[in-house]
Amino acid sequence: MNEHNDETTKETGGSDIATDGGTDRDVVELPDQVELPRMLDFYELQTEETTQISEFYDNLADGQLTTTRCTECDELHFPPRIVCPECHSDELEYVDLPHEGELFAFSTVRAGAPMGMEDEVPFVLGIVDLGPVKLSAHLDDAEYDDLEIGDPVEMKVVEIDGPVDHERVFYRFEPQE
Amino acid sequence: MTRNVGIVGGGHTKWGVREASYKDLIQEAGKAAFEDVSDVTPDDIEGLFVGSVQPERFAFQTHVAPMVAELLGIDVDSMIARTELACASGQAALRYAWLAIAAGQIDTALVLGVEKMNLPRQYDAEAQTSMANVMDREFDGVNGFNAPPYFAMIAQRHMHEYDTTREQLALVAAKNKTHAANNAFAQFQKEVSVDDVVESFPLSPPLCLYDCSGVTDGAAGLILMSEEKAREVTDEVAWVTGSGQTCLASNSINNLPSFSAWPQATKAAEQAYEQAGIDDPLKELDVAEVHDCFSISEIVEYEDLGWVEKGEGGKFIEEGRSELDGDIAVNPRGGLLGCGHPLGATGVSQALEVFNQFRGTVEPERQVPDPETGLIHNLSGSASVHSVMTLARGRP
Ligand SMILES: CC(C)(COP(=O)(O)OP(=O)(O)OC[C@H]1O[C@@H](n2cnc3c(N)ncnc32)[C@H](O)[C@@H]1OP(=O)(O)O)[C@@H](O)C(=O)NCCC(=O)NCCS
Ligand SMILES: [Zn+2]
C-alpha cells in the first residue's frame with residue numbers, strides 16, 4: 001500500500017506560523033495520512049463484481065495463464081476482452097497460454113520507479129514472447145547483466161498483498177534454469 | 001482544407017523544476033503569448049484548446065480549459081476543450097485549433113499546453129506513476145513499465161536488429177542537450193559531450209540518464225488565426241501546411257506492430273507531406289522538432305518520418321545530417337532531451353520554436369540559416385500514436 005506521507009506539510013504548515021490573533025483561530029484538521037483510493041492501485045480489482053474478465057484472474061489463481069479467443073472470427077486477444085476488437089462479437093472463450101517463452105527484450109529500472117515499486121529497485125522488466133502473444137512482464141530472480149535476448153523464461157503466479165478484501169494474484173516471469 | 005491557418009504569436013515560460021503552481025504556469029505562458037502579438041487580445045479568442053495530461057494528479061484539478069479562460073480573461077464564443085493524448089496532447093490541441101479555423105468555425109484560437117509535474121521531493125514517484133499508466137495499466141503499467149525501461153527496450157531491439165550503436169544514441173543526446181545550453185527556456189542548460197552521455201548514470205540500459213528527457217514544469221501558448229484575420233495583425237506567420245495523425249488500434253504491448261519501427265509515424269508523416277505538397281522531405285524540410293523523449297526515439301524518427309532507409313538512423317546522426325547545418329536541422333530548440341518534457345506543453349513549444357526559427361528570434365547559436373519550412377512530430381504512449389504537422393514561412 002502506498003501512503004502519502006505528510007511530513008513537509010506538518011513541518012511548515014498551520015499553527016507554527018504565529019501571527020496576531022493566530023491562537024484564536026479555528027483549526028481544520030487533516031489526517032496525517034490519506035489512504036489511496038483503490039483506483040490508484042496498479043492492480044485491478046479481480047472479482048466478478050468488479051470486472052467481467054474475472055475468469056482470467058480465477059484461472060490465474062488456479063495457476064493457469066489464459067486469455068480470450070473469439071469463437072466467431074477465431075482472433076486471439078491479449079489482454080483478455082469481453083468484446084472481440086476484430087468483429088465485435090461477445091462470444092469469447094478462455095484458452096490456455098503457454099507458461100514458457102523467450103525474452104524478446106529487457107531492461108532494468110535503477111531509479112525513477114512508480115509509487116509502490118520503489119522498494120523493489122533495481123528490478124528487471126522484459127517483453128516475453130509466448131508464441132501466440134507477447135506480453136510485458138516483471139522478471140523475478142533475474143540480474144540484468146546475465147540476460148540475453150532469446151533467453152528462456154517461465155511464468156509464476158504471485159499473490160498481491162494489499163488492503164482489499166479479496167485475494168489478488170498476478171503473473172511474473174523468471175529465467176529458466 | 002478550405003482556409004489557410006497560421007500561427008501569429010506565441011509565448012513560453014521557463015521550463016524546469018519551477019517554484020510555481022499549475023495556475024502560475026498558465027498565467028505566465030498566456031501573458032507571454034498575448035504580449036507577442038499586440039493586435040490580438042483575449043477578446044478576439046473564439047476557440048480555446050488546452051493540452052494537459054494529468055492535472056487531476058499533478059494539480060488536483062479538472063475542467064482546466066475553463067480555468068485557463070478565467071485566468072487569462074477569455075470569454076470563449078465557440079469552442080473550448082482540453083485535449084489529452086499523453087505526450088502528444090499539445091500537438092493534439094494545436095491540430096484541433098487548426099481544424100476549427102480551417103473549417104471556418106472560428107477565426108482566432110488560443111492553444112495552451114501546460115504541465116506541472118514536479119511535486120515536493122517526497123512525491124517524486126507520482127510523476128512516474130502517472131507515466132506508467134499510458135499503456136494498459138492493468139497489464140503493462142502494473143509490471144512497472146514507465147517510459148525509461150520501455151524505450152530502453154526499443155533501443156535494445158533497434159541495436160539488435162540494425163546494429164545501431166551506443167555511441168550513435170549518445171550523439172543525439174549530446175546534440176540536443178548542447179542546443180538546449182543556448183536556450184533560455186530549457187530545463188537542462190549544460191553542454192554535454194558524447195562521453196558525458198555514456199558515462200552518465202546507467203538508468204535503464206542501454207539508456208543512461210542523459211539519454212532521457214526530464215520531469216518538467218512548464219507551459220507554452222500559441223495564437224492561431226485564419227489567413228484573413230492574420231493579415232490584419234502581422235506579416236510574420238508560420239502557416240500550417242499539413243497535419244497527420246495515426247493510431248493502429250494499439251496501445252498495449254501485445255498489440256504494437258513493432259518495437260523497432262513505427263509504421264504509424266510513416267503514415268502520419270505521409271498524410272502531412274501530401275497535404276503540404278512535400279515530395280522529398282529530406283530536401284524540402286529545413287527544420288524539424290521531433291519527439292526525442294529518449295535518444296533512441298530520434299533515431300527511429302529519422303527513419304520512419306521517411307528521411308533515410310530503415311536501419312540507417314544511426315548513420316544519419318553520425319554523418320552530421322541532423323545538425324544545424326545538416327540536411328535537416330533537428331531539434332535546434334534542444335528537444336525534449338534538453339528542454340525537458342512538460343507533457344502537454346511540448347508540442348506547443350515545438351511549433352513555437354519553428355515559428356521563432358522562421359522569424360529569426362531564437363538565440364543566434366542555434367539559429368538555422370533562413371529556414372522556410374518546418375515540421376513538428378510527437379509520439380504518445382507506447383509510441384502507438386504519431387502526430388505530425390508541417391509549417392511554412394510562405395503562404396501555402
Ligand atoms: C531519468 C529520470 C528517471 C531521472 O530522475 P531522477 O533519478 O529522479 O533524477 P533527479 O530528479 O533526482 O535528478 C538528479 C540529477 O540529475 C539531473 N537530471 C535529471 N533528469 C535528467 C535528464 N533527463 N537529463 C539530464 N539531467 C537530468 C537533475 O537535474 C539532477 O541534477 P543535480 O543533481 O545537478 O541537481 C527522470 O528524469 C525521468 O523519468 N525522465 C523521463 C521522463 C519521461 O519518461 N517522460 C515521458 C517520455 S515518453
Ligand atoms: Zn471476433
# chains A, B, ... in the order shown; residues from 1 in each chain; ligands from 1

call {"tool": "interface_residues", "arguments": {"of": "chain B", "to": "chain A", "cutoff": "9 Å", "atoms": "only C-alpha atoms", "output": "JSON, numbers by chain"}}
result
{"B": [120, 122, 123, 124, 125, 126, 127, 128, 129, 130, 131, 132, 133, 136, 137, 138, 139, 140, 141, 142, 143, 144, 145, 146, 148, 149, 150, 152, 153, 154, 156, 157, 160, 202, 203, 204, 205, 206, 249, 252, 253, 254, 255]}

call {"tool": "residues_near_ligand", "arguments": {"ligand": "ligand 1", "cutoff": "6 Å", "atoms": "only C-alpha atoms and all ligand atoms", "output": "PyMOL selection string"}}
result
(chain A and resi 111-112) or (chain B and resi 147-148+209-210+212-215+293)

call {"tool": "write_last_selection", "arguments": {"atoms": "all heavy atoms", "output": "PDB file, in the first residue's frame"}}
result
ATOM      1  N   ALA A 111      16.320   3.665 -11.112  1.00  0.00           N
ATOM      2  CA  ALA A 111      15.781   4.852 -10.429  1.00  0.00           C
ATOM      3  C   ALA A 111      14.498   5.218 -11.157  1.00  0.00           C
ATOM      4  O   ALA A 111      14.230   4.719 -12.243  1.00  0.00           O
ATOM      5  CB  ALA A 111      16.757   6.014 -10.491  1.00  0.00           C
ATOM      6  N   GLY A 112      13.720   6.082 -10.522  1.00  0.00           N
ATOM      7  CA  GLY A 112      12.523   6.576 -11.188  1.00  0.00           C
ATOM      8  C   GLY A 112      11.412   5.555 -11.286  1.00  0.00           C
ATOM      9  O   GLY A 112      10.693   5.500 -12.281  1.00  0.00           O
TER      10      GLY A 112
ATOM     11  N   ALA B 147       8.226   5.025 -18.837  1.00  0.00           N
ATOM     12  CA  ALA B 147       8.867   5.276 -20.129  1.00  0.00           C
ATOM     13  C   ALA B 147      10.339   4.821 -20.226  1.00  0.00           C
ATOM     14  O   ALA B 147      10.703   4.182 -21.219  1.00  0.00           O
ATOM     15  CB  ALA B 147       8.713   6.749 -20.492  1.00  0.00           C
ATOM     16  N   PRO B 148      11.198   5.128 -19.246  1.00  0.00           N
ATOM     17  CA  PRO B 148      12.622   4.783 -19.485  1.00  0.00           C
ATOM     18  C   PRO B 148      12.881   3.301 -19.795  1.00  0.00           C
ATOM     19  O   PRO B 148      13.531   3.014 -20.810  1.00  0.00           O
ATOM     20  CB  PRO B 148      13.324   5.268 -18.212  1.00  0.00           C
ATOM     21  CG  PRO B 148      12.455   6.411 -17.734  1.00  0.00           C
ATOM     22  CD  PRO B 148      11.055   5.966 -18.039  1.00  0.00           C
ATOM     23  N   LEU B 209      21.188   8.188 -17.988  1.00  0.00           N
ATOM     24  CA  LEU B 209      20.414   9.367 -17.565  1.00  0.00           C
ATOM     25  C   LEU B 209      20.320  10.413 -18.679  1.00  0.00           C
ATOM     26  O   LEU B 209      19.252  10.957 -18.943  1.00  0.00           O
ATOM     27  CB  LEU B 209      21.059   9.980 -16.311  1.00  0.00           C
ATOM     28  CG  LEU B 209      20.397  11.260 -15.783  1.00  0.00           C
ATOM     29  CD1 LEU B 209      18.974  10.990 -15.293  1.00  0.00           C
ATOM     30  CD2 LEU B 209      21.232  11.890 -14.667  1.00  0.00           C
ATOM     31  N   TYR B 210      21.432  10.691 -19.366  1.00  0.00           N
ATOM     32  CA  TYR B 210      21.412  11.764 -20.368  1.00  0.00           C
ATOM     33  C   TYR B 210      20.746  11.351 -21.680  1.00  0.00           C
ATOM     34  O   TYR B 210      20.618  12.168 -22.588  1.00  0.00           O
ATOM     35  CB  TYR B 210      22.826  12.271 -20.638  1.00  0.00           C
ATOM     36  CG  TYR B 210      23.405  13.131 -19.524  1.00  0.00           C
ATOM     37  CD1 TYR B 210      22.681  13.398 -18.371  1.00  0.00           C
ATOM     38  CD2 TYR B 210      24.681  13.691 -19.636  1.00  0.00           C
ATOM     39  CE1 TYR B 210      23.202  14.163 -17.350  1.00  0.00           C
ATOM     40  CE2 TYR B 210      25.217  14.476 -18.618  1.00  0.00           C
ATOM     41  CZ  TYR B 210      24.475  14.704 -17.473  1.00  0.00           C
ATOM     42  OH  TYR B 210      25.003  15.481 -16.480  1.00  0.00           O
ATOM     43  N   CYS B 212      17.724  10.527 -21.528  1.00  0.00           N
ATOM     44  CA  CYS B 212      16.316  10.706 -21.145  1.00  0.00           C
ATOM     45  C   CYS B 212      15.932  12.176 -21.139  1.00  0.00           C
ATOM     46  O   CYS B 212      16.739  13.044 -20.823  1.00  0.00           O
ATOM     47  CB  CYS B 212      16.082  10.192 -19.726  1.00  0.00           C
ATOM     48  SG  CYS B 212      16.538   8.481 -19.459  1.00  0.00           S
ATOM     49  N   SER B 213      14.655  12.442 -21.440  1.00  0.00           N
ATOM     50  CA  SER B 213      14.092  13.760 -21.183  1.00  0.00           C
ATOM     51  C   SER B 213      13.857  13.868 -19.685  1.00  0.00           C
ATOM     52  O   SER B 213      14.110  12.920 -18.949  1.00  0.00           O
ATOM     53  CB  SER B 213      12.787  13.935 -21.953  1.00  0.00           C
ATOM     54  OG  SER B 213      11.882  12.910 -21.598  1.00  0.00           O
ATOM     55  N   GLY B 214      13.354  15.001 -19.251  1.00  0.00           N
ATOM     56  CA  GLY B 214      13.229  15.198 -17.810  1.00  0.00           C
ATOM     57  C   GLY B 214      11.798  15.193 -17.318  1.00  0.00           C
ATOM     58  O   GLY B 214      10.849  15.011 -18.080  1.00  0.00           O
ATOM     59  N   VAL B 215      11.665  15.366 -16.046  1.00  0.00           N
ATOM     60  CA  VAL B 215      10.368  15.581 -15.406  1.00  0.00           C
ATOM     61  C   VAL B 215      10.276  17.090 -15.187  1.00  0.00           C
ATOM     62  O   VAL B 215      11.090  17.665 -14.464  1.00  0.00           O
ATOM     63  CB  VAL B 215      10.291  14.803 -14.076  1.00  0.00           C
ATOM     64  CG1 VAL B 215       9.024  15.165 -13.316  1.00  0.00           C
ATOM     65  CG2 VAL B 215      10.354  13.298 -14.348  1.00  0.00           C
ATOM     66  N   CYS B 293      11.924  11.970 -26.774  1.00  0.00           N
ATOM     67  CA  CYS B 293      11.719  11.697 -25.348  1.00  0.00           C
ATOM     68  C   CYS B 293      12.908  10.915 -24.798  1.00  0.00           C
ATOM     69  O   CYS B 293      13.279  11.041 -23.637  1.00  0.00           O
ATOM     70  CB  CYS B 293      10.419  10.953 -25.121  1.00  0.00           C
ATOM     71  SG  CYS B 293      10.172   9.545 -26.212  1.00  0.00           S
TER      72      CYS B 293
END

call {"tool": "select_by_dssp", "arguments": {"residues": "stretch 75-159 of chain A", "states": "strand (DSSP E)", "output": "JSON, numbers by chain"}}
result
{"A": [92, 93, 94, 95, 96, 100, 101, 102, 103, 104, 105, 106, 107, 108, 109, 123, 124, 125, 126, 127, 128, 129, 134, 135, 136, 137, 138, 139, 152, 153, 154, 155, 156, 157, 158, 159]}

call {"tool": "atom_distance", "arguments": {"atom1": "atom CA of A:Leu147", "atom2": "atom CA of B:Asp292"}}
result
27.3 Å

call {"tool": "select_by_dssp", "arguments": {"residues": "chain A", "states": "alpha helix (DSSP H)", "output": "ChimeraX atom specification"}}
result
/A:7-12,54-61

call {"tool": "write_last_selection", "arguments": {"atoms": "N, CA and C atoms", "output": "mmCIF file, in the first residue's frame"}}
result
data_model
loop_
_atom_site.group_PDB
_atom_site.id
_atom_site.type_symbol
_atom_site.label_atom_id
_atom_site.label_comp_id
_atom_site.auth_asym_id
_atom_site.auth_seq_id
_atom_site.Cartn_x
_atom_site.Cartn_y
_atom_site.Cartn_z
ATOM 1 N N GLU A 7 4.860 14.643 5.896
ATOM 2 C CA GLU A 7 5.815 15.323 6.780
ATOM 3 C C GLU A 7 6.018 16.816 6.501
ATOM 4 N N THR A 8 6.202 17.131 5.223
ATOM 5 C CA THR A 8 6.505 18.526 4.908
ATOM 6 C C THR A 8 5.394 19.454 5.346
ATOM 7 N N THR A 9 4.180 19.006 5.076
ATOM 8 C CA THR A 9 3.044 19.838 5.428
ATOM 9 C C THR A 9 3.047 20.101 6.935
ATOM 10 N N LYS A 10 3.401 19.052 7.671
ATOM 11 C CA LYS A 10 3.381 19.218 9.124
ATOM 12 C C LYS A 10 4.455 20.198 9.590
ATOM 13 N N GLU A 11 5.644 20.106 8.943
ATOM 14 C CA GLU A 11 6.739 20.977 9.376
ATOM 15 C C GLU A 11 6.442 22.449 9.146
ATOM 16 N N THR A 12 5.867 22.732 7.988
ATOM 17 C CA THR A 12 5.768 24.137 7.615
ATOM 18 C C THR A 12 4.385 24.721 7.839
ATOM 19 N N SER A 54 -13.111 -11.503 -14.805
ATOM 20 C CA SER A 54 -12.706 -12.175 -13.557
ATOM 21 C C SER A 54 -12.274 -13.623 -13.816
ATOM 22 N N GLU A 55 -12.782 -14.205 -14.902
ATOM 23 C CA GLU A 55 -12.384 -15.587 -15.216
ATOM 24 C C GLU A 55 -10.880 -15.680 -15.486
ATOM 25 N N PHE A 56 -10.330 -14.642 -16.114
ATOM 26 C CA PHE A 56 -8.880 -14.595 -16.333
ATOM 27 C C PHE A 56 -8.149 -14.689 -14.994
ATOM 28 N N TYR A 57 -8.629 -13.908 -14.025
ATOM 29 C CA TYR A 57 -7.960 -13.901 -12.721
ATOM 30 C C TYR A 57 -8.222 -15.194 -11.948
ATOM 31 N N ASP A 58 -9.429 -15.740 -12.091
ATOM 32 C CA ASP A 58 -9.718 -17.033 -11.437
ATOM 33 C C ASP A 58 -8.788 -18.117 -11.982
ATOM 34 N N ASN A 59 -8.629 -18.135 -13.298
ATOM 35 C CA ASN A 59 -7.736 -19.125 -13.912
ATOM 36 C C ASN A 59 -6.305 -18.935 -13.418
ATOM 37 N N LEU A 60 -5.912 -17.666 -13.317
ATOM 38 C CA LEU A 60 -4.547 -17.384 -12.868
ATOM 39 C C LEU A 60 -4.368 -17.841 -11.414
ATOM 40 N N ALA A 61 -5.385 -17.591 -10.604
ATOM 41 C CA ALA A 61 -5.311 -18.042 -9.201
ATOM 42 C C ALA A 61 -5.175 -19.558 -9.137
#

call {"tool": "residues_near_ligand", "arguments": {"ligand": "ligand 2", "cutoff": "10 Å", "atoms": "only C-alpha atoms and all ligand atoms", "output": "PDB file with all heavy atoms, in the first residue's frame"}}
result
ATOM      1  N   ARG A  69     -10.378 -15.956 -26.719  1.00  0.00           N
ATOM      2  CA  ARG A  69     -10.386 -16.129 -28.156  1.00  0.00           C
ATOM      3  C   ARG A  69     -11.817 -15.977 -28.644  1.00  0.00           C
ATOM      4  O   ARG A  69     -12.758 -16.424 -27.993  1.00  0.00           O
ATOM      5  CB  ARG A  69      -9.845 -17.494 -28.571  1.00  0.00           C
ATOM      6  CG  ARG A  69      -9.743 -17.605 -30.094  1.00  0.00           C
ATOM      7  CD  ARG A  69      -8.988 -18.812 -30.554  1.00  0.00           C
ATOM      8  NE  ARG A  69      -9.594 -20.031 -30.037  1.00  0.00           N
ATOM      9  CZ  ARG A  69      -8.947 -21.187 -29.939  1.00  0.00           C
ATOM     10  NH1 ARG A  69      -7.682 -21.281 -30.303  1.00  0.00           N
ATOM     11  NH2 ARG A  69      -9.549 -22.261 -29.472  1.00  0.00           N
ATOM     12  N   CYS A  70     -11.955 -15.353 -29.786  1.00  0.00           N
ATOM     13  CA  CYS A  70     -13.276 -15.113 -30.349  1.00  0.00           C
ATOM     14  C   CYS A  70     -13.773 -16.385 -31.031  1.00  0.00           C
ATOM     15  O   CYS A  70     -13.076 -16.939 -31.888  1.00  0.00           O
ATOM     16  CB  CYS A  70     -13.193 -13.972 -31.356  1.00  0.00           C
ATOM     17  SG  CYS A  70     -14.753 -13.629 -32.165  1.00  0.00           S
ATOM     18  N   THR A  71     -14.953 -16.849 -30.649  1.00  0.00           N
ATOM     19  CA  THR A  71     -15.479 -18.061 -31.277  1.00  0.00           C
ATOM     20  C   THR A  71     -16.084 -17.758 -32.653  1.00  0.00           C
ATOM     21  O   THR A  71     -16.371 -18.665 -33.420  1.00  0.00           O
ATOM     22  CB  THR A  71     -16.544 -18.744 -30.397  1.00  0.00           C
ATOM     23  OG1 THR A  71     -17.618 -17.819 -30.215  1.00  0.00           O
ATOM     24  CG2 THR A  71     -15.982 -19.138 -29.048  1.00  0.00           C
ATOM     25  N   GLU A  72     -16.279 -16.500 -32.963  1.00  0.00           N
ATOM     26  CA  GLU A  72     -16.809 -16.112 -34.279  1.00  0.00           C
ATOM     27  C   GLU A  72     -15.699 -16.036 -35.333  1.00  0.00           C
ATOM     28  O   GLU A  72     -15.791 -16.637 -36.391  1.00  0.00           O
ATOM     29  CB  GLU A  72     -17.497 -14.741 -34.200  1.00  0.00           C
ATOM     30  CG  GLU A  72     -18.801 -14.724 -33.431  1.00  0.00           C
ATOM     31  CD  GLU A  72     -19.918 -15.472 -34.157  1.00  0.00           C
ATOM     32  OE1 GLU A  72     -19.975 -15.374 -35.406  1.00  0.00           O
ATOM     33  OE2 GLU A  72     -20.711 -16.152 -33.477  1.00  0.00           O
ATOM     34  N   CYS A  73     -14.638 -15.254 -35.006  1.00  0.00           N
ATOM     35  CA  CYS A  73     -13.614 -14.997 -36.029  1.00  0.00           C
ATOM     36  C   CYS A  73     -12.275 -15.639 -35.679  1.00  0.00           C
ATOM     37  O   CYS A  73     -11.303 -15.491 -36.420  1.00  0.00           O
ATOM     38  CB  CYS A  73     -13.440 -13.503 -36.272  1.00  0.00           C
ATOM     39  SG  CYS A  73     -12.492 -12.656 -34.997  1.00  0.00           S
ATOM     40  N   ASP A  74     -12.208 -16.284 -34.520  1.00  0.00           N
ATOM     41  CA  ASP A  74     -11.013 -17.028 -34.135  1.00  0.00           C
ATOM     42  C   ASP A  74      -9.848 -16.164 -33.654  1.00  0.00           C
ATOM     43  O   ASP A  74      -8.776 -16.680 -33.342  1.00  0.00           O
ATOM     44  CB  ASP A  74     -10.539 -17.904 -35.310  1.00  0.00           C
ATOM     45  CG  ASP A  74     -10.153 -19.293 -34.809  1.00  0.00           C
ATOM     46  OD1 ASP A  74     -10.761 -19.724 -33.796  1.00  0.00           O
ATOM     47  OD2 ASP A  74      -9.252 -19.904 -35.400  1.00  0.00           O
ATOM     48  N   GLU A  75     -10.040 -14.855 -33.605  1.00  0.00           N
ATOM     49  CA  GLU A  75      -8.953 -13.961 -33.170  1.00  0.00           C
ATOM     50  C   GLU A  75      -8.604 -14.228 -31.700  1.00  0.00           C
ATOM     51  O   GLU A  75      -9.476 -14.379 -30.851  1.00  0.00           O
ATOM     52  CB  GLU A  75      -9.417 -12.506 -33.351  1.00  0.00           C
ATOM     53  CG  GLU A  75      -8.440 -11.445 -32.923  1.00  0.00           C
ATOM     54  CD  GLU A  75      -7.337 -11.185 -33.941  1.00  0.00           C
ATOM     55  OE1 GLU A  75      -7.413 -11.748 -35.058  1.00  0.00           O
ATOM     56  OE2 GLU A  75      -6.410 -10.425 -33.606  1.00  0.00           O
ATOM     57  N   LEU A  76      -7.291 -14.320 -31.447  1.00  0.00           N
ATOM     58  CA  LEU A  76      -6.805 -14.458 -30.073  1.00  0.00           C
ATOM     59  C   LEU A  76      -6.437 -13.073 -29.560  1.00  0.00           C
ATOM     60  O   LEU A  76      -5.748 -12.325 -30.243  1.00  0.00           O
ATOM     61  CB  LEU A  76      -5.567 -15.357 -30.063  1.00  0.00           C
ATOM     62  CG  LEU A  76      -5.015 -15.760 -28.695  1.00  0.00           C
ATOM     63  CD1 LEU A  76      -5.884 -16.835 -28.061  1.00  0.00           C
ATOM     64  CD2 LEU A  76      -3.571 -16.239 -28.816  1.00  0.00           C
ATOM     65  N   HIS A  77      -6.898 -12.748 -28.357  1.00  0.00           N
ATOM     66  CA  HIS A  77      -6.639 -11.404 -27.830  1.00  0.00           C
ATOM     67  C   HIS A  77      -5.667 -11.464 -26.662  1.00  0.00           C
ATOM     68  O   HIS A  77      -5.648 -12.423 -25.933  1.00  0.00           O
ATOM     69  CB  HIS A  77      -7.927 -10.763 -27.306  1.00  0.00           C
ATOM     70  CG  HIS A  77      -9.153 -11.049 -28.103  1.00  0.00           C
ATOM     71  ND1 HIS A  77     -10.259 -11.674 -27.582  1.00  0.00           N
ATOM     72  CD2 HIS A  77      -9.434 -10.807 -29.410  1.00  0.00           C
ATOM     73  CE1 HIS A  77     -11.183 -11.796 -28.506  1.00  0.00           C
ATOM     74  NE2 HIS A  77     -10.714 -11.289 -29.638  1.00  0.00           N
ATOM     75  N   VAL A  83     -15.393  -8.085 -25.536  1.00  0.00           N
ATOM     76  CA  VAL A  83     -15.879  -7.906 -26.905  1.00  0.00           C
ATOM     77  C   VAL A  83     -14.674  -8.068 -27.842  1.00  0.00           C
ATOM     78  O   VAL A  83     -13.610  -7.508 -27.579  1.00  0.00           O
ATOM     79  CB  VAL A  83     -16.505  -6.502 -27.096  1.00  0.00           C
ATOM     80  CG1 VAL A  83     -16.778  -6.215 -28.564  1.00  0.00           C
ATOM     81  CG2 VAL A  83     -17.789  -6.366 -26.281  1.00  0.00           C
ATOM     82  N   CYS A  84     -14.837  -8.820 -28.892  1.00  0.00           N
ATOM     83  CA  CYS A  84     -13.728  -9.022 -29.826  1.00  0.00           C
ATOM     84  C   CYS A  84     -13.458  -7.727 -30.596  1.00  0.00           C
ATOM     85  O   CYS A  84     -14.362  -7.199 -31.246  1.00  0.00           O
ATOM     86  CB  CYS A  84     -14.076 -10.134 -30.809  1.00  0.00           C
ATOM     87  SG  CYS A  84     -12.830 -10.312 -32.115  1.00  0.00           S
ATOM     88  N   PRO A  85     -12.230  -7.196 -30.532  1.00  0.00           N
ATOM     89  CA  PRO A  85     -11.938  -5.952 -31.259  1.00  0.00           C
ATOM     90  C   PRO A  85     -12.037  -6.130 -32.773  1.00  0.00           C
ATOM     91  O   PRO A  85     -12.257  -5.157 -33.500  1.00  0.00           O
ATOM     92  CB  PRO A  85     -10.493  -5.608 -30.872  1.00  0.00           C
ATOM     93  CG  PRO A  85     -10.126  -6.508 -29.760  1.00  0.00           C
ATOM     94  CD  PRO A  85     -11.048  -7.687 -29.786  1.00  0.00           C
ATOM     95  N   GLU A  86     -11.895  -7.351 -33.263  1.00  0.00           N
ATOM     96  CA  GLU A  86     -11.928  -7.595 -34.707  1.00  0.00           C
ATOM     97  C   GLU A  86     -13.348  -7.593 -35.257  1.00  0.00           C
ATOM     98  O   GLU A  86     -13.613  -7.004 -36.295  1.00  0.00           O
ATOM     99  CB  GLU A  86     -11.261  -8.939 -35.039  1.00  0.00           C
ATOM    100  CG  GLU A  86      -9.764  -8.946 -34.828  1.00  0.00           C
ATOM    101  CD  GLU A  86      -9.036  -7.912 -35.680  1.00  0.00           C
ATOM    102  OE1 GLU A  86      -9.324  -7.820 -36.887  1.00  0.00           O
ATOM    103  OE2 GLU A  86      -8.186  -7.180 -35.121  1.00  0.00           O
ATOM    104  N   CYS A  87     -14.261  -8.315 -34.576  1.00  0.00           N
ATOM    105  CA  CYS A  87     -15.608  -8.474 -35.159  1.00  0.00           C
ATOM    106  C   CYS A  87     -16.730  -8.041 -34.210  1.00  0.00           C
ATOM    107  O   CYS A  87     -17.907  -8.130 -34.561  1.00  0.00           O
ATOM    108  CB  CYS A  87     -15.812  -9.933 -35.581  1.00  0.00           C
ATOM    109  SG  CYS A  87     -16.045 -11.048 -34.191  1.00  0.00           S
ATOM    110  N   HIS A  88     -16.361  -7.582 -33.021  1.00  0.00           N
ATOM    111  CA  HIS A  88     -17.308  -7.098 -32.023  1.00  0.00           C
ATOM    112  C   HIS A  88     -18.263  -8.171 -31.509  1.00  0.00           C
ATOM    113  O   HIS A  88     -19.294  -7.855 -30.907  1.00  0.00           O
ATOM    114  CB  HIS A  88     -18.057  -5.856 -32.516  1.00  0.00           C
ATOM    115  CG  HIS A  88     -17.176  -4.642 -32.574  1.00  0.00           C
ATOM    116  ND1 HIS A  88     -17.630  -3.360 -32.682  1.00  0.00           N
ATOM    117  CD2 HIS A  88     -15.816  -4.535 -32.538  1.00  0.00           C
ATOM    118  CE1 HIS A  88     -16.610  -2.514 -32.717  1.00  0.00           C
ATOM    119  NE2 HIS A  88     -15.495  -3.218 -32.633  1.00  0.00           N
ATOM    120  N   SER A  89     -17.944  -9.419 -31.742  1.00  0.00           N
ATOM    121  CA  SER A  89     -18.726 -10.490 -31.127  1.00  0.00           C
ATOM    122  C   SER A  89     -18.426 -10.533 -29.626  1.00  0.00           C
ATOM    123  O   SER A  89     -17.311 -10.206 -29.205  1.00  0.00           O
ATOM    124  CB  SER A  89     -18.331 -11.837 -31.762  1.00  0.00           C
ATOM    125  OG  SER A  89     -18.760 -12.894 -30.930  1.00  0.00           O
ATOM    126  N   ASP A  90     -19.426 -10.919 -28.850  1.00  0.00           N
ATOM    127  CA  ASP A  90     -19.135 -11.120 -27.426  1.00  0.00           C
ATOM    128  C   ASP A  90     -19.150 -12.606 -27.059  1.00  0.00           C
ATOM    129  O   ASP A  90     -19.239 -12.973 -25.890  1.00  0.00           O
ATOM    130  CB  ASP A  90     -20.076 -10.304 -26.533  1.00  0.00           C
ATOM    131  CG  ASP A  90     -21.534 -10.592 -26.816  1.00  0.00           C
ATOM    132  OD1 ASP A  90     -21.832 -11.513 -27.616  1.00  0.00           O
ATOM    133  OD2 ASP A  90     -22.391  -9.893 -26.225  1.00  0.00           O
ATOM    134  N   GLU A  91     -19.046 -13.450 -28.073  1.00  0.00           N
ATOM    135  CA  GLU A  91     -18.956 -14.901 -27.841  1.00  0.00           C
ATOM    136  C   GLU A  91     -17.474 -15.269 -27.744  1.00  0.00           C
ATOM    137  O   GLU A  91     -16.872 -15.715 -28.722  1.00  0.00           O
ATOM    138  CB  GLU A  91     -19.621 -15.666 -28.992  1.00  0.00           C
ATOM    139  CG  GLU A  91     -21.086 -15.316 -29.208  1.00  0.00           C
ATOM    140  CD  GLU A  91     -21.980 -15.941 -28.140  1.00  0.00           C
ATOM    141  OE1 GLU A  91     -21.708 -17.099 -27.739  1.00  0.00           O
ATOM    142  OE2 GLU A  91     -22.927 -15.269 -27.686  1.00  0.00           O
ATOM    143  N   LEU A  92     -16.912 -15.058 -26.578  1.00  0.00           N
ATOM    144  CA  LEU A  92     -15.486 -15.314 -26.402  1.00  0.00           C
ATOM    145  C   LEU A  92     -15.286 -16.497 -25.461  1.00  0.00           C
ATOM    146  O   LEU A  92     -16.093 -16.732 -24.574  1.00  0.00           O
ATOM    147  CB  LEU A  92     -14.782 -14.082 -25.825  1.00  0.00           C
ATOM    148  CG  LEU A  92     -15.054 -12.735 -26.518  1.00  0.00           C
ATOM    149  CD1 LEU A  92     -14.185 -11.641 -25.902  1.00  0.00           C
ATOM    150  CD2 LEU A  92     -14.829 -12.801 -28.017  1.00  0.00           C
TER     151      LEU A  92
END

call {"tool": "atom_distance", "arguments": {"atom1": "atom CA of B:Ser52", "atom2": "atom CA of B:Ala288"}}
result
22.7 Å
